[in-house]
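Engineer: Got a file for you: upload_32.txt, compact mmCIF, C-alpha atoms.
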# COMPACT_ATOMS: atom_id res chain seq x y z
CA MET A 1 137.57 96.40 82.67
CA SER A 2 134.33 94.57 83.51
CA ALA A 3 130.96 96.18 84.06
CA ARG A 4 127.25 95.56 84.44
CA SER A 5 124.63 98.27 84.33
CA VAL A 6 120.87 98.64 84.04
CA GLY A 7 119.44 102.02 84.97
CA GLY A 8 117.43 101.85 88.19
CA ILE A 9 118.41 98.20 88.77
CA GLY A 10 122.15 98.10 89.35
CA THR A 11 125.45 99.53 88.13
CA THR A 12 129.01 98.40 88.87
CA ILE A 13 132.07 99.30 86.83
CA SER A 14 135.15 97.32 87.80
CA PHE A 15 138.80 97.75 86.90
CA PRO A 16 140.41 94.53 88.19
CA GLU A 17 143.76 95.70 86.84
CA PHE A 18 143.57 98.66 89.24
CA ASP A 19 141.95 96.70 92.12
CA LEU A 20 139.07 99.19 91.88
CA SER A 21 135.33 99.19 91.37
CA ILE A 22 133.25 102.29 90.83
CA ASP A 23 129.85 101.80 92.44
CA MET A 24 128.51 98.50 93.73
CA GLY A 25 124.94 98.23 92.51
CA ILE A 26 125.58 94.61 91.50
CA CYS A 27 128.24 92.37 93.03
CA PHE A 28 129.69 89.98 90.46
CA PRO A 29 132.89 87.89 90.68
CA LYS A 30 135.35 90.41 89.31
CA SER A 31 133.93 93.28 91.35
CA LEU A 32 134.06 91.11 94.46
CA ARG A 33 137.83 90.75 94.05
CA THR A 34 138.49 94.50 93.96
CA SER A 35 139.44 95.80 97.39
CA THR A 36 138.55 99.47 96.75
CA VAL A 37 135.06 100.69 95.87
CA ALA A 38 134.45 104.33 94.98
CA PHE A 39 130.84 105.51 95.01
CA THR A 40 129.66 108.14 92.53
CA HIS A 41 126.57 108.57 94.70
CA THR A 42 124.46 106.47 97.03
CA HIS A 43 121.20 105.77 95.23
CA ALA A 44 120.02 102.19 95.68
CA ASP A 45 121.00 100.97 92.21
CA HIS A 46 124.60 102.00 92.91
CA ILE A 47 124.98 100.48 96.39
CA ALA A 48 122.61 97.48 96.37
CA GLY A 49 125.48 95.00 95.92
CA LEU A 50 127.22 96.21 99.08
CA PRO A 51 125.80 93.56 101.50
CA THR A 52 126.94 90.73 99.20
CA TYR A 53 130.32 92.39 98.63
CA LEU A 54 130.99 92.78 102.35
CA GLY A 55 129.64 89.40 103.38
CA VAL A 56 131.34 87.26 100.74
CA ARG A 57 134.71 89.03 101.05
CA ARG A 58 134.69 88.25 104.78
CA LEU A 59 133.49 84.69 104.17
CA PHE A 60 136.43 84.13 101.82
CA GLY A 61 138.92 85.70 104.23
CA MET A 62 139.74 88.58 101.91
CA ASN A 63 141.27 91.82 103.17
CA PRO A 64 138.91 94.44 104.61
CA PRO A 65 137.75 96.75 101.83
CA ARG A 66 138.27 100.45 101.40
CA PHE A 67 135.43 102.74 100.33
CA ILE A 68 135.72 106.17 98.75
CA CYS A 69 132.89 108.68 98.63
CA ALA A 70 132.11 112.39 98.72
CA LYS A 71 132.29 113.88 102.20
CA GLU A 72 128.52 114.52 102.16
CA LYS A 73 127.89 110.76 102.17
CA LYS A 74 130.57 109.43 104.52
CA GLU A 75 128.45 109.49 107.67
CA ALA A 76 125.47 107.80 106.02
CA LEU A 77 127.67 105.15 104.41
CA GLU A 78 129.31 104.45 107.77
CA ALA A 79 125.87 104.04 109.34
CA LEU A 80 124.72 101.68 106.58
CA ILE A 81 127.76 99.44 106.98
CA ALA A 82 127.23 99.41 110.75
CA ILE A 83 123.62 98.26 110.26
CA LEU A 84 124.71 95.55 107.83
CA GLY A 85 127.23 94.34 110.39
CA GLU A 86 124.53 94.29 113.06
CA LEU A 87 122.26 92.23 110.81
CA GLN A 88 125.13 89.82 110.15
CA GLY A 89 125.93 89.57 113.84
CA ARG A 90 129.47 90.99 113.59
CA PRO A 91 130.83 94.37 112.45
CA PHE A 92 132.54 94.58 109.08
CA ASP A 93 136.14 95.76 109.09
CA HIS A 94 136.53 98.49 106.52
CA GLU A 95 137.88 101.97 105.81
CA ILE A 96 136.03 104.96 104.36
CA ILE A 97 137.92 107.81 102.72
CA GLU A 98 136.40 111.17 101.83
CA ILE A 99 137.41 112.44 98.42
CA THR A 100 137.44 116.08 97.34
CA GLU A 101 138.41 117.84 94.13
CA GLU A 102 141.44 119.20 95.96
CA SER A 103 143.00 115.85 96.82
CA ASP A 104 143.81 112.66 94.90
CA VAL A 105 143.41 109.26 96.57
CA PRO A 106 146.10 106.65 95.79
CA ILE A 107 144.65 103.36 94.57
CA ALA A 108 147.75 101.49 93.35
CA GLN A 109 151.37 102.18 92.52
CA SER A 110 151.47 105.43 90.51
CA LEU A 111 147.65 105.37 90.20
CA TYR A 112 145.27 107.87 91.77
CA LEU A 113 141.57 108.60 91.88
CA ARG A 114 140.32 112.17 91.48
CA SER A 115 136.73 113.33 91.82
CA VAL A 116 134.99 115.86 89.59
CA LYS A 117 131.70 117.50 90.47
CA VAL A 118 128.64 116.57 88.42
CA ASN A 119 124.95 117.34 88.71
CA HIS A 120 122.73 114.48 89.83
CA ALA A 121 122.08 114.21 93.58
CA ASN A 122 123.62 115.61 96.72
CA GLY A 123 127.21 114.36 96.95
CA SER A 124 127.35 113.08 93.36
CA VAL A 125 130.77 112.95 91.71
CA GLY A 126 132.43 111.56 88.62
CA TYR A 127 135.89 110.00 88.75
CA LEU A 128 139.18 110.25 86.91
CA ILE A 129 141.69 107.42 87.14
CA LEU A 130 145.12 109.01 86.81
CA ARG A 131 148.64 107.70 86.38
CA LYS A 132 151.33 109.95 87.84
CA THR A 133 154.97 109.44 86.95
CA ARG A 134 158.04 111.48 87.70
CA ARG A 135 159.89 112.58 84.57
CA LEU A 136 163.11 114.45 83.89
CA ARG A 137 162.42 117.99 82.76
CA GLU A 138 162.94 118.54 79.04
CA ASP A 139 165.74 121.07 79.55
CA PHE A 140 167.78 118.34 81.27
CA SER A 141 166.86 115.46 78.94
CA HIS A 142 170.02 115.84 76.85
CA LEU A 143 172.31 115.18 79.83
CA ALA A 144 174.17 111.93 80.40
CA LYS A 145 173.05 109.71 83.26
CA GLN A 146 175.98 110.67 85.49
CA GLU A 147 175.27 114.36 85.00
CA VAL A 148 171.65 113.82 85.96
CA ILE A 149 172.73 112.00 89.13
CA ARG A 150 175.07 114.88 89.99
CA LEU A 151 172.38 117.49 89.37
CA LYS A 152 169.91 115.55 91.48
CA GLU A 153 172.33 115.75 94.41
CA THR A 154 172.57 119.54 94.11
CA LYS A 155 169.13 120.56 92.81
CA GLY A 156 166.98 117.73 94.13
CA ASP A 157 163.50 117.46 92.68
CA GLU A 158 163.84 120.70 90.73
CA ILE A 159 165.03 118.73 87.71
CA PHE A 160 161.87 116.57 87.62
CA TYR A 161 158.20 117.16 86.92
CA THR A 162 155.13 114.99 87.49
CA ARG A 163 153.41 113.72 84.37
CA VAL A 164 149.69 113.12 84.87
CA GLU A 165 147.97 110.76 82.42
CA PRO A 166 144.16 110.36 82.52
CA LEU A 167 143.50 106.66 81.97
CA ALA A 168 139.74 106.71 82.42
CA PHE A 169 136.84 109.01 83.21
CA VAL A 170 133.58 107.71 84.71
CA SER A 171 130.77 110.27 84.81
CA GLY A 172 128.47 108.52 87.26
CA ASP A 173 124.84 109.57 86.97
CA ALA A 174 124.95 113.14 85.67
CA THR A 175 123.26 115.61 83.39
CA ALA A 176 125.13 115.96 80.11
CA ASP A 177 125.71 119.68 80.62
CA SER A 178 127.47 119.03 83.95
CA ILE A 179 130.10 116.68 82.49
CA PRO A 180 133.23 118.88 82.68
CA VAL A 181 134.65 118.53 79.18
CA GLU A 182 136.45 121.83 79.73
CA ASN A 183 138.64 119.87 82.16
CA GLU A 184 141.69 118.83 80.14
CA LEU A 185 142.05 115.53 81.99
CA VAL A 186 138.42 114.59 81.38
CA ARG A 187 138.72 115.60 77.75
CA ASN A 188 141.89 113.57 77.19
CA ALA A 189 141.04 110.39 79.13
CA ARG A 190 141.85 107.24 77.16
CA ILE A 191 138.41 105.81 77.86
CA ALA A 192 135.29 107.73 78.89
CA LEU A 193 132.26 106.07 80.45
CA LEU A 194 129.16 108.23 80.27
CA GLU A 195 125.76 107.65 81.82
CA CYS A 196 123.04 107.54 79.15
CA THR A 197 119.71 106.60 80.71
CA PHE A 198 117.44 107.58 77.83
CA LEU A 199 117.98 107.44 74.07
CA GLY A 200 114.65 108.38 72.50
CA GLY A 201 111.23 106.97 71.85
CA ALA A 202 108.85 107.80 74.66
CA ARG A 203 111.57 109.50 76.73
CA SER A 204 112.77 112.96 75.77
CA SER A 205 115.69 115.08 76.87
CA GLU A 206 113.32 116.85 79.27
CA ASP A 207 112.43 113.50 80.85
CA ALA A 208 116.11 112.80 81.48
CA GLN A 209 116.66 116.22 83.01
CA LYS A 210 113.81 115.73 85.48
CA GLY A 211 115.88 113.02 87.17
CA ASN A 212 119.21 114.74 86.51
CA HIS A 213 120.19 112.02 84.04
CA SER A 214 121.61 112.15 80.52
CA HIS A 215 119.85 111.60 77.21
CA LEU A 216 121.69 110.48 74.09
CA ASP A 217 120.51 113.63 72.28
CA ASP A 218 122.33 115.78 74.84
CA LEU A 219 125.52 113.72 74.73
CA LEU A 220 125.97 113.98 70.96
CA ASP A 221 127.69 117.36 71.20
CA LEU A 222 130.15 115.97 73.76
CA PHE A 223 131.45 113.07 71.66
CA PRO A 224 133.64 115.10 69.27
CA ARG A 225 135.06 117.08 72.21
CA LEU A 226 136.39 113.94 73.87
CA SER A 227 139.60 112.40 72.59
CA ALA A 228 138.93 109.01 74.20
CA LYS A 229 139.58 105.97 72.00
CA LYS A 230 136.42 104.43 73.45
CA VAL A 231 133.31 106.19 74.76
CA VAL A 232 131.22 103.67 76.68
CA LEU A 233 127.55 104.50 77.24
CA TYR A 234 125.94 102.82 80.22
CA HIS A 235 122.98 102.94 82.66
CA PHE A 236 120.36 102.48 79.93
CA SER A 237 116.78 102.44 81.17
CA GLN A 238 115.16 99.03 81.32
CA ILE A 239 112.40 100.35 79.03
CA TYR A 240 114.74 99.70 76.09
CA SER A 241 115.54 96.36 74.54
CA ASN A 242 119.08 95.68 73.33
CA ASP A 243 117.88 96.05 69.73
CA GLU A 244 116.32 99.43 70.49
CA ILE A 245 119.51 100.67 72.15
CA LEU A 246 121.58 99.67 69.13
CA ARG A 247 119.05 101.18 66.73
CA PHE A 248 118.95 104.56 68.45
CA ILE A 249 122.74 104.74 68.50
CA ALA A 250 122.96 103.80 64.83
CA GLU A 251 120.34 106.39 63.90
CA LYS A 252 121.58 109.29 66.00
CA VAL A 253 125.36 109.05 66.40
CA PRO A 254 127.22 110.62 63.45
CA PHE A 255 129.07 108.16 61.26
CA ASP A 256 132.50 109.60 62.08
CA GLN A 257 131.90 108.98 65.80
CA ARG A 258 130.10 105.65 65.66
CA ASP A 259 133.09 103.28 65.74
CA ARG A 260 134.24 104.45 69.16
CA ILE A 261 130.80 104.62 70.80
CA ILE A 262 130.27 101.37 72.72
CA PRO A 263 126.96 100.61 74.45
CA LEU A 264 127.14 98.61 77.68
CA LEU A 265 124.08 96.49 77.11
CA PRO A 266 122.20 94.91 80.04
CA GLN A 267 124.10 91.93 81.46
CA ASP A 268 127.00 92.83 79.19
CA GLU A 269 130.30 91.97 80.87
CA ASP A 270 133.89 91.32 79.80
CA ARG A 271 133.44 92.67 76.28
CA LEU A 272 134.98 96.12 76.77
Take the structure in the file and write it out as structure tokens.

Structural biologist:
Amino acid sequence: MSARSVGGIGTTISFPEFDLSIDMGICFPKSLRTSTVAFTHTHADHIAGLPTYLGVRRLFGMNPPRFICAKEKKEALEALIAILGELQGRPFDHEIIEITEESDVPIAQSLYLRSVKVNHANGSVGYLILRKTRRLREDFSHLAKQEVIRLKETKGDEIFYTRVEPLAFVSGDATADSIPVENELVRNARIALLECTFLGGARSSEDAQKGNHSHLDDLLDLFPRLSAKKVVLYHFSQIYSNDEILRFIAEKVPFDQRDRIIPLLPQDEDRL
């Protein structure tokens, strides 16, 4: 995973191994090479890298990209890409897919993207990256291979079930109380990336809530409820220096949680 994020300036979280980026507020080399971009929402600091992404991919002869967004934003995103094509003098080939909580979008072999509703702006969503694999049901697991083949011919898919593994959860911009930790897949994701715009100092929890953002104070109760090996905090406000970010985390995060809390510092990339 590679990511860059500064609240209000630009956020892009890329998973080159999945050929996926979530948001495109900044276009950097590894995000450029991902052919699918899923938008959590369409505020400027989450889409500002789109002109560079579209233009350079076409310049390099790369495949037309695929965009994923909530249905509320599809029309506006289509219009924006049309305007960018007009400014460039030629339309950009692309595909836009609406995502809903009722349907998973395939992103690679056995990998799917699922949206979860969060509270930030109209059409805001968080994302789960899921791996789905077909497994033999436990009551048939003791059978020899030939017996399984025979049963498959008579019972078909009845002897299998689909295992769903949550590989990652990305909250997008969201209030802490809207992050759905009651969702088993969110709770059990291997890595969780949570927006954390404010940490303390001159900005309180109330300040964060005014913009429907998260404050570190409000995220503290979520940490022990998540089983993720790593919880990455990102989207820090530019009012904080790197030293201040690290100090607030050291002061506020309980000792038993601190080792797995990873701050994505400004311009931090390739360290996760």

Engineer: With 8 Å as the cut-off and all atoms listed in the file counted, what is the closest atom pair between each nearby residue of stretch 64-148 of chain A and stretch 211-216 of chain A? Distances in Å to one decimal, ordered by chain and number, as CSV.

Structural biologist:
residue,atom,partner,partner_atom,distance
A:Asn119,CA,A:Asn212,CA,6.7
A:His120,CA,A:Asn212,CA,4.8
A:Ala121,CA,A:Asn212,CA,7.6

Engineer: Got a sec: who's within 12 Å of A:Pro224, counting only C-alpha atoms, leaving out chain neighbours fewer than 3 positions off, as a VMD selection string?

Structural biologist: chain A and resid 181 187 to 188 219 to 221 227 to 231 253 to 258 260 to 261

Engineer: Residues near A:Arg57, anyone? I mean within 12 Å using only C-alpha atoms, not counting same-chain ones fewer than 5 positions away, as a PDB file with C-alpha atoms, in the frame of the given file.

Structural biologist:
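What follows is the written file result-v6.pdb:
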ATOM      1  CA  CYS A  27     128.240  92.370  93.030  1.00  0.00           C
ATOM      2  CA  PHE A  28     129.690  89.980  90.460  1.00  0.00           C
ATOM      3  CA  PRO A  29     132.890  87.890  90.680  1.00  0.00           C
ATOM      4  CA  LYS A  30     135.350  90.410  89.310  1.00  0.00           C
ATOM      5  CA  SER A  31     133.930  93.280  91.350  1.00  0.00           C
ATOM      6  CA  LEU A  32     134.060  91.110  94.460  1.00  0.00           C
ATOM      7  CA  ARG A  33     137.830  90.750  94.050  1.00  0.00           C
ATOM      8  CA  THR A  34     138.490  94.500  93.960  1.00  0.00           C
ATOM      9  CA  SER A  35     139.440  95.800  97.390  1.00  0.00           C
ATOM     10  CA  THR A  36     138.550  99.470  96.750  1.00  0.00           C
ATOM     11  CA  LEU A  50     127.220  96.210  99.080  1.00  0.00           C
ATOM     12  CA  PRO A  51     125.800  93.560 101.500  1.00  0.00           C
ATOM     13  CA  THR A  52     126.940  90.730  99.200  1.00  0.00           C
ATOM     14  CA  MET A  62     139.740  88.580 101.910  1.00  0.00           C
ATOM     15  CA  ASN A  63     141.270  91.820 103.170  1.00  0.00           C
ATOM     16  CA  PRO A  64     138.910  94.440 104.610  1.00  0.00           C
ATOM     17  CA  PRO A  65     137.750  96.750 101.830  1.00  0.00           C
ATOM     18  CA  ARG A  66     138.270 100.450 101.400  1.00  0.00           C
ATOM     19  CA  PHE A  92     132.540  94.580 109.080  1.00  0.00           C
ATOM     20  CA  ASP A  93     136.140  95.760 109.090  1.00  0.00           C
ATOM     21  CA  HIS A  94     136.530  98.490 106.520  1.00  0.00           C
TER      22      HIS A  94
END

Engineer: With distances taken over only C-alpha atoms, which residue among A:Asn242, A:Ser237, A:Thr42, A:Ser171 lies nearest A:Glu72?

Structural biologist: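 Smallest distance to A:Glu72 is found for A:Thr42.
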
Engineer: Do a neighbour search on A:Gly10 at 6 Å with only C-alpha atoms, toss out local chain neighbours closer than 6 positions, and write the hits as a ChimeraX atom specification.

Structural biologist: /A:25-26,45-46

Engineer: Could you check the closest approach to A:Cys196 for each of A:Ile83, A:Ala44, A:Val6, A:Leu226 and tell me which residue wins, using only C-alpha atoms?

Structural biologist: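 Closest candidate: A:Val6.
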
Engineer: Just give me the gap between atom CA of A:Pro166 and atom CA of A:Leu185 in Å, one decimal is fine.

Structural biologist: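 According to the coordinates, atom CA of A:Pro166 and atom CA of A:Leu185 are separated by 5.6 Å.
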
Engineer: Can you work out which one of A:Tyr112, A:Phe198, A:Phe18, A:Phe223 has the shortest atom-to-atom distance to A:Ile262, counting all atoms listed in the file?

Structural biologist: A:Phe223

Engineer: Measuring atom to atom with only C-alpha atoms, identify which of A:Leu264, A:Ile129, A:Leu199, A:Ala208 is nearest to A:Phe248.

Structural biologist: A:Leu199

Engineer: Can you work out which one of A:Glu101, A:Asp19, A:Asp217, A:Glu95 has the shortest atom-to-atom distance to A:Arg203, counting all atoms listed in the file?

Structural biologist: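 Checking each candidate against A:Arg203, we get A:Asp217 as the closest.
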